[in-house]
Amino acid sequence: MKKGCLSEEIFEADSNEESHYKRRSFDGKARRISQDDKNTLFGRTSMLFNKKEKNLMKRIFIFLTCFIFLLGIISGCASMKTSKKQFSGINKKLEIRDFAGAISQIESSKDKFYKEKEKVLYYLDIGMLYHYNKEYKKSNEFLEKAEFAIEELYTKSISKAAVSLLLNDNAMDYSGEDYEDIYLNVFKALNYLELNKFDEAFVEIRRVNNKLSVLEDKHVKMAAQFNLSKDKKTEFKTGKSKFHNSALGRYLSLLLYRAEGKMDDARIDLQKIRDSWELQKHICDFEIPEMDNYLNRTDKARIDILSFVGKSPDKKAKTLYIHTEKDLIVIGTTKENPRGKQNLKTLDLINWKGVPKGYHFKFQLPYMDLRKSQVAKIKVFVDDKLELELESIESVENVALETYKVKEPLIYLKTITRSVVKGLLSEKAKGELEKQTGGGYLGLAARLATDVAVDATENADLRISRFFPAKVLIGEIEVEPGIHFIKIEYYSQKGTLLFVDDIGEKEISTSGLNLIESFYLD
């Protein structure tokens, strides 16, 4: 080592009783140092090593914290992500009409996949399956619970809307889609009809109309509460829905009024059905069914066929991106160009006071995805004679899409608000962690933990009921009173016979209601 550098020190014991020491330097000269000098030297050396040890321990602590944090996210993010594992193989059970098996599968999944915050979802799923399994009393028990919980959760959500703005929807109670809240009353009415409770069925049909009259208002109230939040940067506004009249609800009401001889009321319902095609053309995007003879007097008995086909929409996630300019955010999606690079396509520009320039975040939004049905034609046979083909009266899937439009802008803006706030906070946190760790692998681990934490809490809420139908078809046949054998056949677009619903022998009378329900959910 060169002269002038920090020297290696050699200490030798001296015969002096004062316990002095010699220090021999690299220049070969020896000199005495006192005990105080020795203590000072050792003290400085100890401080040097203590500082290094503290830094090392601090870095190890940060690393372990990030590691444990990541493990916590991995194990805990299930509550922030929609699970669909409980439905594995259930479509096959529906196809072979093993509704008891489907009920058993859902019930066994309750504790694992239907938490308290998914109770509405459980009630809807199990309630619909009990209906298909012809256990009408049990079906109504669960659908009643679903309706009560939806109303209760809406009331709670209004009171907590402002403070819940930054919460992911997956972490909150599922309070049902609007179309679910509407059609559960239709199936409750059908359950009551099967139980010969006409008055109760009427009540359920009226609830359909009542809910439609306040559909937009309840989301307007929610938007008003969001606008009270301190994190709000731009005005929350609801979308619009033109679904104000359910042709299916009016059809059932018409049949009930006609069965009771209240023809004037039945005539009003028939006119309301026709109005649906005038005022809701994009929802009723099919030919209006022939119903001119429904109110005509006849000495014959009437058989009314009501058929449900397909499955209501599923929810899927789409990923969008946020790019920030000063006081402005740009919402876009990416698409690969012919050169293999991703191009950003601008979808929206939103004034966002206070946001700095140069940040990039991604987020997910849910959207409704139609589940295609194979059924293209339904034929009804009475006593082995083809009587008619059923006609569409309502598209449940179209109603689902239309009613979702009302709250979709709220979901959109709420998700963006949450993503921007969390994104800016995470960038600030990553900067602080970079300083604390000194960069390197520890800095990478810290940044990764932060990014994973943000991503884990930004999954789209894909919860939705699985067992409502997609479409509803009707038909009416006049026959002589008595016992008749009824069969309903379902065909594909290519004319392939998909399923035969052998209703069997039914006694058809001129009084009361001869309503026969059939369904094929594929």
# chains A, B, ... in the order shown; residues from 1 in each chain; ligands from 1
call {"tool": "residues_around", "arguments": {"residues": "region 200-217 of chain A", "least_positions_apart": "2", "cutoff": "6 Å", "atoms": "only C-alpha atoms", "output": "ChimeraX atom specification"}}
result
/A:182,185,189,192,197-198,219-220,244,249
call {"tool": "write_last_selection", "arguments": {"atoms": "C-alpha atoms", "output": "PDB file, in the first residue's frame"}}
result
ATOM      1  CA  ILE A 182     -86.751  -6.498 -13.211  1.00  0.00           C
ATOM      2  CA  ASN A 185     -90.316 -10.365 -10.578  1.00  0.00           C
ATOM      3  CA  ALA A 189     -94.974 -14.225 -11.030  1.00  0.00           C
ATOM      4  CA  TYR A 192     -96.987 -17.994  -8.238  1.00  0.00           C
ATOM      5  CA  LYS A 197    -101.748 -17.830  -6.645  1.00  0.00           C
ATOM      6  CA  PHE A 198    -103.097 -15.335  -9.172  1.00  0.00           C
ATOM      7  CA  HIS A 219     -78.812   6.155 -10.676  1.00  0.00           C
ATOM      8  CA  VAL A 220     -79.264   9.932 -10.817  1.00  0.00           C
ATOM      9  CA  HIS A 244     -89.762   1.926 -20.139  1.00  0.00           C
ATOM     10  CA  GLY A 249     -94.701  -8.086 -18.384  1.00  0.00           C
TER      11      GLY A 249
END
call {"tool": "residues_around", "arguments": {"residues": "Gly89 (chain A)", "least_positions_apart": "4", "cutoff": "10 Å", "atoms": "only C-alpha atoms", "output": "mmCIF file with all heavy atoms, in the first residue's frame"}}
result
data_model
loop_
_atom_site.group_PDB
_atom_site.id
_atom_site.type_symbol
_atom_site.label_atom_id
_atom_site.label_comp_id
_atom_site.auth_asym_id
_atom_site.auth_seq_id
_atom_site.Cartn_x
_atom_site.Cartn_y
_atom_site.Cartn_z
ATOM 1 N N LYS A 85 -65.046 -19.931 -11.298
ATOM 2 C CA LYS A 85 -64.704 -21.346 -11.195
ATOM 3 C C LYS A 85 -65.898 -22.193 -10.753
ATOM 4 O O LYS A 85 -65.974 -23.379 -11.078
ATOM 5 C CB LYS A 85 -63.554 -21.519 -10.194
ATOM 6 C CG LYS A 85 -62.234 -20.942 -10.669
ATOM 7 C CD LYS A 85 -61.133 -21.159 -9.628
ATOM 8 C CE LYS A 85 -59.811 -20.556 -10.097
ATOM 9 N NZ LYS A 85 -58.741 -20.730 -9.092
ATOM 10 N N LYS A 93 -74.547 -29.528 -17.562
ATOM 11 C CA LYS A 93 -75.695 -29.944 -16.752
ATOM 12 C C LYS A 93 -76.972 -29.291 -17.261
ATOM 13 O O LYS A 93 -78.041 -29.925 -17.303
ATOM 14 C CB LYS A 93 -75.461 -29.579 -15.280
ATOM 15 C CG LYS A 93 -74.385 -30.405 -14.585
ATOM 16 C CD LYS A 93 -74.291 -30.031 -13.114
ATOM 17 C CE LYS A 93 -73.313 -30.925 -12.362
ATOM 18 N NZ LYS A 93 -71.925 -30.700 -12.776
ATOM 19 N N LEU A 94 -76.891 -28.008 -17.660
ATOM 20 C CA LEU A 94 -78.067 -27.329 -18.206
ATOM 21 C C LEU A 94 -78.497 -27.962 -19.528
ATOM 22 O O LEU A 94 -79.698 -28.099 -19.808
ATOM 23 C CB LEU A 94 -77.771 -25.846 -18.412
ATOM 24 C CG LEU A 94 -77.417 -25.017 -17.171
ATOM 25 C CD1 LEU A 94 -77.200 -23.562 -17.555
ATOM 26 C CD2 LEU A 94 -78.488 -25.125 -16.090
ATOM 27 N N ALA A 102 -77.074 -29.093 -11.073
ATOM 28 C CA ALA A 102 -76.612 -27.702 -11.114
ATOM 29 C C ALA A 102 -76.859 -27.019 -9.775
ATOM 30 O O ALA A 102 -76.013 -26.257 -9.284
ATOM 31 C CB ALA A 102 -77.327 -26.949 -12.235
ATOM 32 N N GLN A 105 -74.278 -28.191 -7.349
ATOM 33 C CA GLN A 105 -72.970 -27.585 -7.621
ATOM 34 C C GLN A 105 -72.888 -26.166 -7.070
ATOM 35 O O GLN A 105 -71.880 -25.776 -6.469
ATOM 36 C CB GLN A 105 -72.699 -27.580 -9.127
ATOM 37 C CG GLN A 105 -71.352 -26.970 -9.509
ATOM 38 C CD GLN A 105 -71.047 -27.122 -10.991
ATOM 39 O OE1 GLN A 105 -71.519 -28.051 -11.638
ATOM 40 N NE2 GLN A 105 -70.268 -26.201 -11.532
#
call {"tool": "closest_residue", "arguments": {"among": "A:Gln364, A:Asn245, A:Gln225, A:Ser426", "to": "Tyr412 (chain A)", "atoms": "only C-alpha atoms"}}
result
A:Gln364
call {"tool": "select_by_dssp", "arguments": {"residues": "region 194-423 of chain A", "states": "helix (DSSP H, G or I)", "output": "NGL selection string"}}
result
:A and (194 or 198-213 or 215-226 or 247-259 or 263-279 or 396-423)
call {"tool": "closest_residue", "arguments": {"among": "A:Gln374, A:Ser276, A:Ser241, A:Asn293", "to": "Glu95 (chain A)", "atoms": "only C-alpha atoms"}}
result
A:Gln374
call {"tool": "residues_around", "arguments": {"residues": "Ser518 (chain A)", "least_positions_apart": "4", "cutoff": "7 Å", "atoms": "only C-alpha atoms", "output": "list in words"}}
result
Leu306, Ser307 and Phe308 of chain A
call {"tool": "write_last_selection", "arguments": {"atoms": "C-alpha atoms", "output": "compact mmCIF listing (two decimals), in the first residue's frame"}}
result
# COMPACT_ATOMS: atom_id res chain seq x y z
CA LEU A 306 -94.25 -19.28 -23.20
CA SER A 307 -90.72 -20.31 -24.13
CA PHE A 308 -87.33 -19.13 -22.80
call {"tool": "residues_around", "arguments": {"residues": "Lys377 (chain A)", "least_positions_apart": "4", "cutoff": "9 Å", "atoms": "only C-alpha atoms", "output": "VMD selection string"}}
result
chain A and resid 389 to 391 489 to 493 495
call {"tool": "residues_around", "arguments": {"residues": "Leu121 (chain A)", "least_positions_apart": "6", "cutoff": "9 Å", "atoms": "only C-alpha atoms", "output": "list in words"}}
result
Tyr114, Ala146, Tyr174, Ser175, Gly176, Arg463, Ile464, Ser465 and Arg466 of chain A
